Every structure is written in structure tokens, then in C-alpha cells.
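Down below is the structure, laid out as C-alpha cells.
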Amino acid sequence: MSKQGSAHQGATRDQERVAVGETLEVEIERILPGGAGLAHACGHTILVALAAPGDRLRVRIERRRGSVAFASITQILKPSVARVEPPCPYFGRCGGCDFQQLTYEAQLAAKVEIIRDCLRRIARIEPSEHLPITPAPAAWRYRSRARWQYDPNRGRLGYYELASHRVVDVVECPVIVPALQEKLTALRAGMQAHTLPENADEFQAVTGDDGVSLAPPTSEDEASERARVIGGEHYRFDADCFFQINHQLLEPLIREAIRDEHGEMALDLYCGVGLFTLPLARRFTRVVAVEGSPTSAEFARRNLAAARLTNARIQTAHVGEWFSRQDNSLPPIDFLLLDPPRAGAEPEAINGILSLRPRRISYVSCDPATLARDLRSLTTHGYRLDSVAAFDLFPQTHHVETIARLTC
């Protein structure tokens, strides 16, 4: 047999050895976008859930896709120096937190490397040597917004199990703020007393300076909107519209996104309840803001009116559709800010931005991969990436908020 044939047969045997259900020993090299640990074994790339960089593990292959295998930990043979004992009893079952096994310093380092990896691999941009990340003031009890799944048939209230739609029954969640924990406890009491709303399969809750809004509500007070003061601006919202989950970091986030921008015309895309719209309206002669959710758009209008800002106009439309209706009637855009959902900006939105050619862009993103994808489109059409900064709005998870600033 030729050497080439022998090598091919060996590679085939290696691939056969990595079968679903099989266990093997691996060492975790680093954390990848998406939060999995990266290892290599038997000619395969192994992605291990809930790992720490430097772990020596015995893992079980759960599924395969070509030469990539997805695995779970069956035994920690030698823990990484970055590994800690997760304090939450639901860790590993609940799909909400996937970084509790890491020290907070290791979480921040992993998130910076995730952003750098996406910039290199997807955007084809070499990131600067120093990529700053602002840590959360509180690594626990920081979430001011929660979505709880309800399974009345099994009497469960909590979060979805990892990679499933089974509900993990959660008594206490260590990442939500105390007011939300009190609301979760009250809902659990209602579940036991069979007084929760009929046909409800989930509850969304958000806190303000004046209490908790819940949807669907179990009382008249819970149906009320709430308010939060951030950077001197007053925002009203409720559980049915989007508002960022980590309120402690919003003031520095807004400062970085806008900096000292000012001028004649600003465009705010995916504006929500006007988190960035209000400060923009104080700096620009005219602001146009676009939001697809009618509920959020109405709150944005009300927040502008309460602030007596009459120079901003809210357009209720999905951003891509709004661009398709434009007839070049907008004046030159000095500054454009976009804060899209995790899926990133739709292609019609990116094409619309390129057609307007704003002088400066601030892209606020909660997903480094879709951010990098959209940056690739912008930088290949004449924009230059000036800076990237990260904010840890989501401790104990692999998610991270990133602000990229570009100029034309």
C-alpha cells in the first residue's frame, strides 16, 4: 500500500473513532464566538459546551457535522485556572448562562477575543492591539429585564433548558435584580395557587425606577408603564417593548456611541423607545428615528414630547422597508446610529445606509458575528473602521455589546 493510501486509511479510521456517543479526552484551547470551547482530536474540531480555556476534559460527542463534533463535559480531568464553581444550581441545565464556570476576568478576556476573532475572520479587519471592554458594575443581580417560560401542565416556571423547549423550574435566578426576583417569587406563588392568567405560556418583566411592568399582567399595577432616568434623560417603557437589560451600563454606552457628535442631520435606526434619539435631538438640528415595533415607536414619541424635543421625528417601519420607501428627500446625513437586534441589519438596511453615505456611523451591536458581517459590507464600500469598544452588558453569558465607529 502506498504512503498516500495508508494516510487516507488512517484519516478515515480517525474520523470513524469520533462517533456520536463516544467519549474522549481533550484540552480546551480557547473560547469561540457562540461560547463553546475549542479543542482538536482525531482529525476533528471539537466544540465543547460550558468549558474554560485550559481545561483538560473527558467529553461525550453529542452530534457531528462533517469534521466538526459537538460535545458535552462528562469529567473535568484538570480544571483551568480560569474555572470556578458555578453558584447557580441550574447551571448546565438552564440555557440562560453559559459563562458561570469562568472567573469574571476570564469572561471579559474571552469576550474581547470573540470580538477580535469575528473582526479578523468575518470582517477581514485586523483589530487594534488594544480593544477596551467596560466591565459591568455588578456581575450578578444586574438584569433588569427577564422572560420566564411557563408550563402549567407540569407546574414549571423559569427558563428553557439548554438546547430545548423544556422549561427548567427556577426558584431563584442569581442574575436578575432583586425586584425581578420578588416578581418571580410572586408568580411562583400564583402558579401554586392556580391564579395565573389562563393560556399564558410566558411572562416578560422589566424594572424601572418605579416598579416592575409585567406582560401579561396579573394585576392592574403590573400593566402600568415604568420609567428610568439615564444620563439625565427620562425614558418610559413597559414589558411589551425592548429596553436594554443592564441599566447600570447605559450611560457610558450612550456616551461612547454618540461622543461629541453634533451637526445638522442625524439618523437613528432601530431606535426602540428613543434611548439614543433623545440625546441626539439635543445635539442635532434634525433627527429622524426609525423603529419597527409600534409599541416602542409610540413610547419614543412620548419620551421626546415629555423632554420637549420637537426636532426629532419617529417613523414606525421596519428599517429595510423604510429605506425602500425613501425618494432621496433626506438631506445629507452628518451622523447615523444603528442598534439592530441580534440578527444584525437586514441587507436592505445596509444598502440604504450605503446609498445615503452618512459621514460618520456608530454601530451598536449585541452580536460580534453579525456586526462583523455588516462591517465587511460597509468597509468594502468606502468606510473606514475607526474604533471598537466593548461593554459587558451580559455577565455570566458569552454575549457582549460592541460599539464600532466608522467614517466615510
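Identifiers in the C-alpha cells: chain A, B, ... in order shown; residue index from 1 per chain; ligand index from 1 in order shown.
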(Q) Excluding Leu32 (chain A) and its own-chain neighbours fewer than 5 positions away, which residues fall within 9 Å of it when counting only C-alpha atoms? Please give them as an MDAnalysis selection string. (A) chainID A and resid 37:38 47 110 113:114 117
Those residues you just picked out, can you put them in a file as a PDB file, in the first residue's frame with N, CA and C atoms?
```pdb
ATOM      1  N   GLY A  37     -16.080  25.970  23.881  1.00  0.00           N
ATOM      2  CA  GLY A  37     -14.639  25.811  23.949  1.00  0.00           C
ATOM      3  C   GLY A  37     -14.135  25.034  22.744  1.00  0.00           C
ATOM      4  N   LEU A  38     -12.964  25.420  22.236  1.00  0.00           N
ATOM      5  CA  LEU A  38     -12.385  24.789  21.051  1.00  0.00           C
ATOM      6  C   LEU A  38     -11.318  23.780  21.449  1.00  0.00           C
ATOM      7  N   LEU A  47     -16.133  21.098  19.593  1.00  0.00           N
ATOM      8  CA  LEU A  47     -16.712  22.256  20.263  1.00  0.00           C
ATOM      9  C   LEU A  47     -17.406  21.769  21.533  1.00  0.00           C
ATOM     10  N   ALA A 110     -12.355  36.544  27.355  1.00  0.00           N
ATOM     11  CA  ALA A 110     -12.950  35.712  26.304  1.00  0.00           C
ATOM     12  C   ALA A 110     -13.800  36.554  25.357  1.00  0.00           C
ATOM     13  N   GLU A 113     -11.649  38.469  22.942  1.00  0.00           N
ATOM     14  CA  GLU A 113     -11.115  37.593  21.904  1.00  0.00           C
ATOM     15  C   GLU A 113     -12.196  37.158  20.918  1.00  0.00           C
ATOM     16  N   ILE A 114     -13.431  37.013  21.392  1.00  0.00           N
ATOM     17  CA  ILE A 114     -14.543  36.694  20.489  1.00  0.00           C
ATOM     18  C   ILE A 114     -14.733  37.830  19.482  1.00  0.00           C
ATOM     19  N   ASP A 117     -11.783  37.815  17.052  1.00  0.00           N
ATOM     20  CA  ASP A 117     -11.899  36.695  16.119  1.00  0.00           C
ATOM     21  C   ASP A 117     -12.894  37.016  15.006  1.00  0.00           C
TER      22      ASP A 117
END
```
For this session: Give the strand (DSSP E or B) residues of region 160-399 of chain A, as assigned by DSSP on the backbone, as a ChimeraX atom specification.
Result: /A:160-161,167-169,176,202-208,211-215,226-230,233-237,263-269,284-291,312-316,335-338,360-365,384-391
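Nearest residue to Val388 (chain A) among A:Arg308, A:Lys78, A:Arg301, A:His130 is A:His130, counting only C-alpha atoms.
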Quick one: residues within 8 Å of Glu62 (chain A), only C-alpha atoms, excluding same-chain residues fewer than 4 positions away - as a PDB file with C-alpha atoms, in the first residue's frame?
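And here is the file that came out, selection.pdb:
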```pdb
ATOM      1  CA  VAL A  20     -21.782  10.139  18.400  1.00  0.00           C
ATOM      2  CA  GLY A  21     -21.942   8.835  21.962  1.00  0.00           C
ATOM      3  CA  ALA A  69     -18.083  17.464  16.553  1.00  0.00           C
ATOM      4  CA  PHE A  70     -20.186  18.978  19.328  1.00  0.00           C
ATOM      5  CA  ALA A  71     -19.531  17.636  22.807  1.00  0.00           C
ATOM      6  CA  SER A  72     -20.568  17.901  26.448  1.00  0.00           C
TER       7      SER A  72
END
```
Hey, which bits of region 246-317 of chain A sit within 12 Å of region 208-215 of chain A, and for each residue what's the closest pair of atoms and how far apart in Å (one decimal), counting only C-alpha atoms, rows by chain and increasing number, as a Markdown table?
```
| residue | atom | partner | partner_atom | distance |
| --- | --- | --- | --- | --- |
| A:Asn246 | CA | A:Gly208 | CA | 11.5 |
| A:His247 | CA | A:Gly208 | CA | 9.2 |
| A:Gln248 | CA | A:Gly208 | CA | 11.9 |
```
**Report entry** Nearby residues (only C-alpha atoms) at most 8 Å from Leu278 (chain A), same-chain spacing under 5 positions excluded, as a PyMOL selection string
**Finding:** chain A and resi 233+303-304+307+309
Just write the chosen residues, N, CA and C atoms, as a short mmCIF file (atom, residue, chain, number, x, y, z; two decimals), in the first residue's frame.
```cif
data_model
loop_
_atom_site.label_atom_id
_atom_site.label_comp_id
_atom_site.auth_asym_id
_atom_site.auth_seq_id
_atom_site.Cartn_x
_atom_site.Cartn_y
_atom_site.Cartn_z
N GLU A 233 -31.78 61.92 31.09
CA GLU A 233 -32.95 61.78 30.23
C GLU A 233 -33.95 60.83 30.89
N ASN A 303 -41.61 59.94 24.84
CA ASN A 303 -40.40 60.34 25.56
C ASN A 303 -39.83 61.64 25.00
N LEU A 304 -39.90 61.82 23.68
CA LEU A 304 -39.48 63.08 23.08
C LEU A 304 -40.38 64.23 23.50
N ALA A 307 -39.75 65.37 26.97
CA ALA A 307 -38.50 66.12 27.05
C ALA A 307 -38.58 67.45 26.30
N LEU A 309 -38.69 67.95 23.13
CA LEU A 309 -37.79 67.93 21.97
C LEU A 309 -38.67 67.78 20.73
#
```
Residues within 7 Å of Glu225 (chain A), only C-alpha atoms, excluding chain neighbours under 5 positions, as a PyMOL selection string: chain A and resi 213+236-238
Point to revise | Residues flagged alpha helix (DSSP H) by DSSP in region 183-311 of chain A, as number ranges by chain | key: A: 183-193, 250-258, 277-281, 294-306
Using the selection just defined, write its residues with C-alpha atoms as a tab-separated table (two decimals), in the first residue's frame.
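Just written: part.tsv:
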```tsv
chain	number	residue	atom	x	y	z
A	183	LYS	CA	-41.83	39.21	40.99
A	184	LEU	CA	-40.66	35.70	40.07
A	185	THR	CA	-41.39	34.53	43.62
A	186	ALA	CA	-44.86	36.08	43.45
A	187	LEU	CA	-45.57	34.41	40.10
A	188	ARG	CA	-44.49	31.06	41.51
A	189	ALA	CA	-46.94	31.55	44.38
A	190	GLY	CA	-49.64	32.28	41.81
A	191	MET	CA	-48.69	29.14	39.91
A	192	GLN	CA	-49.11	27.06	43.07
A	193	ALA	CA	-52.48	28.73	43.76
A	250	LEU	CA	-26.39	52.52	29.68
A	251	GLU	CA	-24.94	55.93	30.47
A	252	PRO	CA	-21.35	55.03	29.41
A	253	LEU	CA	-22.80	53.10	26.45
A	254	ILE	CA	-24.62	56.22	25.22
A	255	ARG	CA	-21.53	58.37	25.76
A	256	GLU	CA	-19.37	56.07	23.63
A	257	ALA	CA	-21.99	55.69	20.90
A	258	ILE	CA	-22.51	59.44	20.46
A	277	THR	CA	-32.82	59.54	19.99
A	278	LEU	CA	-33.21	61.92	22.93
A	279	PRO	CA	-29.51	62.77	23.35
A	280	LEU	CA	-29.15	63.02	19.57
A	281	ALA	CA	-32.01	65.52	19.43
A	294	PRO	CA	-45.40	50.23	17.04
A	295	THR	CA	-45.35	49.99	20.85
A	296	SER	CA	-41.70	51.06	21.10
A	297	ALA	CA	-42.17	53.79	18.49
A	298	GLU	CA	-45.08	55.28	20.44
A	299	PHE	CA	-43.02	55.32	23.62
A	300	ALA	CA	-40.23	57.07	21.69
A	301	ARG	CA	-42.68	59.79	20.60
A	302	ARG	CA	-43.93	60.22	24.14
A	303	ASN	CA	-40.40	60.34	25.56
A	304	LEU	CA	-39.48	63.08	23.08
A	305	ALA	CA	-42.64	65.02	23.88
A	306	ALA	CA	-42.01	64.78	27.63
```
Between A:Gly43, A:Gly54, A:Pro217, A:Pro174, smallest distance to Arg83 (chain A) by only C-alpha atoms belongs to A:Gly54
Counting only C-alpha atoms, the residue among A:Leu330, A:His194, A:Arg56, A:Ala404 that lies closest to Arg384 (chain A) is A:Ala404
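The nearest approach to Phe91 (chain A) among the residues A:Ile122, A:Cys408, A:Ala372, A:Val168, with only C-alpha atoms taken into account, belongs to A:Val168.
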